[in-house]
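Below: coords_1.cif (mmCIF, C-alpha atoms)
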```cif
data_target
loop_
_atom_site.label_atom_id
_atom_site.label_comp_id
_atom_site.auth_asym_id
_atom_site.auth_seq_id
_atom_site.Cartn_x
_atom_site.Cartn_y
_atom_site.Cartn_z
CA MET A 1 -40.79 25.68 -10.77
CA ASN A 2 -39.80 22.54 -12.70
CA VAL A 3 -36.40 21.23 -11.46
CA GLN A 4 -35.26 17.85 -12.72
CA GLY A 5 -32.08 16.05 -13.65
CA PHE A 6 -28.61 16.17 -12.20
CA GLY A 7 -26.28 18.96 -11.26
CA GLY A 8 -26.94 22.33 -9.79
CA THR A 9 -24.82 25.22 -8.72
CA SER A 10 -23.24 26.33 -5.52
CA THR A 11 -23.47 30.03 -6.28
CA GLY A 12 -26.58 30.63 -4.18
CA THR A 13 -28.93 30.70 -7.16
CA THR A 14 -31.06 27.98 -8.67
CA ARG A 15 -30.70 26.84 -12.26
CA ASN A 16 -33.39 29.25 -13.41
CA GLY A 17 -31.46 32.19 -11.90
CA VAL A 18 -33.70 32.66 -8.86
CA SER A 19 -31.93 32.99 -5.52
CA PRO A 20 -33.20 30.71 -2.75
CA SER A 21 -34.64 33.68 -0.86
CA GLU A 22 -36.86 34.53 -3.84
CA LEU A 23 -38.48 31.08 -4.00
CA THR A 24 -42.16 30.82 -3.22
CA ASP A 25 -43.49 28.45 -0.60
CA GLU A 26 -44.76 26.24 -3.40
CA ASP A 27 -41.29 26.17 -5.00
CA LEU A 28 -39.73 25.26 -1.66
CA ASP A 29 -42.25 22.46 -1.16
CA ASP A 30 -41.57 21.18 -4.68
CA LEU A 31 -37.82 21.20 -4.05
CA LYS A 32 -38.18 19.43 -0.72
CA PHE A 33 -40.36 16.78 -2.33
CA GLU A 34 -37.88 16.37 -5.19
CA LEU A 35 -35.04 16.02 -2.67
CA LEU A 36 -36.93 13.30 -0.81
CA LYS A 37 -37.53 11.43 -4.08
CA VAL A 38 -33.85 11.64 -5.08
CA GLU A 39 -32.66 10.53 -1.65
CA ASP A 40 -35.12 7.61 -1.75
CA GLU A 41 -33.82 6.63 -5.22
CA ILE A 42 -30.24 6.77 -3.92
CA GLN A 43 -31.13 4.49 -1.02
CA THR A 44 -32.90 2.06 -3.37
CA LEU A 45 -29.91 2.00 -5.73
CA GLN A 46 -27.55 1.34 -2.80
CA GLN A 47 -29.73 -1.58 -1.70
CA VAL A 48 -29.85 -2.99 -5.24
CA LEU A 49 -26.07 -2.67 -5.57
CA LEU A 50 -25.53 -4.41 -2.24
CA ALA A 51 -27.85 -7.26 -3.29
CA LYS A 52 -26.04 -7.63 -6.63
CA GLU A 53 -22.64 -7.68 -4.92
CA LYS A 54 -23.87 -10.41 -2.57
CA TYR A 55 -25.27 -12.37 -5.51
CA ALA A 56 -21.92 -12.07 -7.35
CA MET A 57 -20.11 -13.34 -4.24
CA ASP A 58 -22.50 -16.32 -4.06
CA ILE A 59 -21.84 -17.16 -7.71
CA LYS A 60 -18.07 -16.91 -7.18
CA LYS A 61 -18.38 -19.18 -4.16
CA GLN A 62 -20.28 -21.76 -6.21
CA LEU A 63 -17.59 -21.55 -8.89
CA GLY A 64 -14.87 -22.03 -6.28
CA ILE A 65 -13.45 -18.56 -6.77
CA SER A 66 -12.32 -17.25 -3.42
CA PRO A 67 -11.21 -13.67 -2.82
CA LEU A 68 -7.64 -14.96 -2.53
CA ASN A 69 -7.90 -16.77 -5.87
CA ASN A 70 -9.34 -13.61 -7.38
CA ILE A 71 -6.40 -11.57 -6.10
CA LYS A 72 -3.95 -14.18 -7.39
CA GLN A 73 -5.55 -14.13 -10.83
CA ASN A 74 -5.50 -10.34 -10.94
CA LEU A 75 -1.85 -10.26 -9.90
CA ALA A 76 -0.92 -12.91 -12.47
CA LYS A 77 -2.72 -11.02 -15.23
CA GLY A 78 -1.11 -7.76 -14.13
CA TRP A 79 2.38 -9.29 -14.03
CA GLN A 80 1.85 -10.87 -17.44
CA GLY A 81 0.80 -7.47 -18.74
CA VAL A 82 3.92 -5.89 -17.29
CA GLN A 83 6.18 -8.56 -18.80
CA THR A 84 4.73 -8.06 -22.25
CA SER A 85 4.73 -4.27 -22.11
CA ALA A 86 7.11 -2.34 -24.35
CA PRO A 87 8.86 -0.50 -21.46
CA TYR A 88 9.54 -3.79 -19.63
CA LEU A 89 10.86 -5.49 -22.76
CA THR A 90 13.07 -2.49 -23.55
CA ALA A 91 14.41 -2.33 -19.99
CA SER A 92 14.98 -6.09 -19.95
CA ALA A 93 16.95 -5.96 -23.20
CA THR A 94 18.97 -2.99 -21.91
CA LEU A 95 19.80 -4.81 -18.67
CA GLU A 96 20.81 -7.89 -20.65
CA ASP A 97 23.13 -5.74 -22.78
CA ILE A 98 24.60 -4.12 -19.66
CA SER A 99 25.20 -7.47 -17.95
CA GLN A 100 27.15 -8.66 -20.99
CA SER A 101 29.34 -5.54 -21.17
CA ASN A 102 33.00 -5.50 -20.16
CA ALA A 103 32.44 -2.63 -17.73
CA TYR A 104 29.78 -4.64 -15.89
CA LYS A 105 31.98 -7.74 -15.73
CA THR A 106 34.97 -5.71 -14.49
CA THR A 107 32.84 -4.02 -11.83
CA GLN A 108 31.36 -7.36 -10.79
CA ASP A 109 34.84 -8.92 -10.44
CA THR A 110 36.14 -5.90 -8.50
CA LEU A 111 33.20 -5.92 -6.08
CA SER A 112 33.48 -9.67 -5.64
CA HIS A 113 37.18 -9.35 -4.79
CA ALA A 114 36.46 -6.46 -2.39
CA GLY A 115 33.83 -8.59 -0.67
CA GLN A 116 36.24 -11.48 -0.27
CA VAL A 117 38.96 -9.21 1.15
CA THR A 118 36.47 -7.59 3.55
CA SER A 119 35.21 -10.99 4.67
CA ALA A 120 38.76 -12.18 5.34
CA ALA A 121 39.58 -9.00 7.28
CA LEU A 122 36.46 -9.29 9.43
CA SER A 123 37.20 -12.96 10.07
CA SER A 124 40.74 -12.11 11.19
CA MET A 125 39.43 -9.36 13.43
CA GLY A 126 36.93 -11.79 14.95
CA VAL A 127 39.72 -14.29 15.68
CA ALA A 128 41.83 -11.55 17.29
CA ILE A 129 38.93 -10.40 19.48
CA THR A 130 38.18 -13.98 20.50
CA ARG A 131 41.82 -14.54 21.50
CA ARG A 132 41.90 -11.29 23.45
CA LEU A 133 38.72 -12.19 25.34
CA ALA A 134 40.06 -15.67 26.07
CA GLY A 135 43.24 -14.12 27.46
CA MET A 136 41.25 -11.76 29.63
CA SER A 137 39.11 -14.57 31.02
CA ALA A 138 42.29 -16.31 32.26
CA LEU A 139 43.17 -13.32 34.44
CA PRO A 140 42.00 -13.43 38.05
CA LEU A 141 39.05 -11.26 38.89
CA PRO A 142 39.76 -8.47 41.33
CA GLY A 143 38.42 -9.02 44.82
CA PRO A 144 35.94 -6.78 46.54
CA PRO A 145 37.30 -3.37 47.47
CA ARG A 146 38.98 -3.22 50.84
CA VAL A 147 37.39 -0.93 53.28
CA THR A 148 39.57 0.36 56.08
CA ILE A 149 37.81 1.55 59.16
CA TYR A 150 39.64 3.98 61.38
CA HIS A 151 38.85 4.06 65.06
CA LEU A 152 39.11 7.32 66.81
#
```

Would it be possible to restate this file's structure as structure tokens?
Amino acid sequence: MNVQGFGGTSTGTTRNGVSPSELTDEDLDDLKFELLKVEDEIQTLQQVLLAKEKYAMDIKKQLGISPLNNIKQNLAKGWQGVQTSAPYLTASATLEDISQSNAYKTTQDTLSHAGQVTSAALSSMGVAITRRLAGMSALPLPGPPRVTIYHL
């Protein structure tokens, strides 16, 4: 049986239509050997990839590119891409139009006035509470409870 390449099926049959129970001992040996070869290739590729990643890190270190600098550069490029994208430019123009509208300015003035009124009310309430607490602190504290003992 000649089995090479990638893929396979999970239906319980091999690519040539033979179910695993119908394989000869020679076919099973061939498949086991092929599996060992593929697993060995995978391990070799993982080692090569690890060595290349380490080499790339060494080069970056020599160039003065730290992981933090790399992240900063990626973020800067990403943000620049966002700022030049059509959706961002459209949204920015729309927000600019909204901020110049009369409805926006009226709402802004109304909310600003409401905030000022709320701030004044809370300040007055704070003054009233402070006065009340000051008045209470001038009162004498009650003494310990009196216990009367009756003798029989």

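Picture a line from atom CA of Ala76 of chain A to atom CA of Leu89 of chain A; it runs 17.3 Å.
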
Any chance you could work out the axis-aligned box around segment 70-82 of chain A, listed atoms only, 4 Å on each side, giving centre and edge lengths in Å to one decimal, as lines of an AutoDock Vina configuration file?
```
center_x = -2.7
center_y = -10.0
center_z = -12.4
size_x = 21.3
size_y = 16.3
size_z = 20.6
```

**OP:** Have a look at atom CA of Thr110 of chain A and atom CA of Thr90 of chain A and let me know their distance in Å, one decimal.
**Re:** 27.8 Å
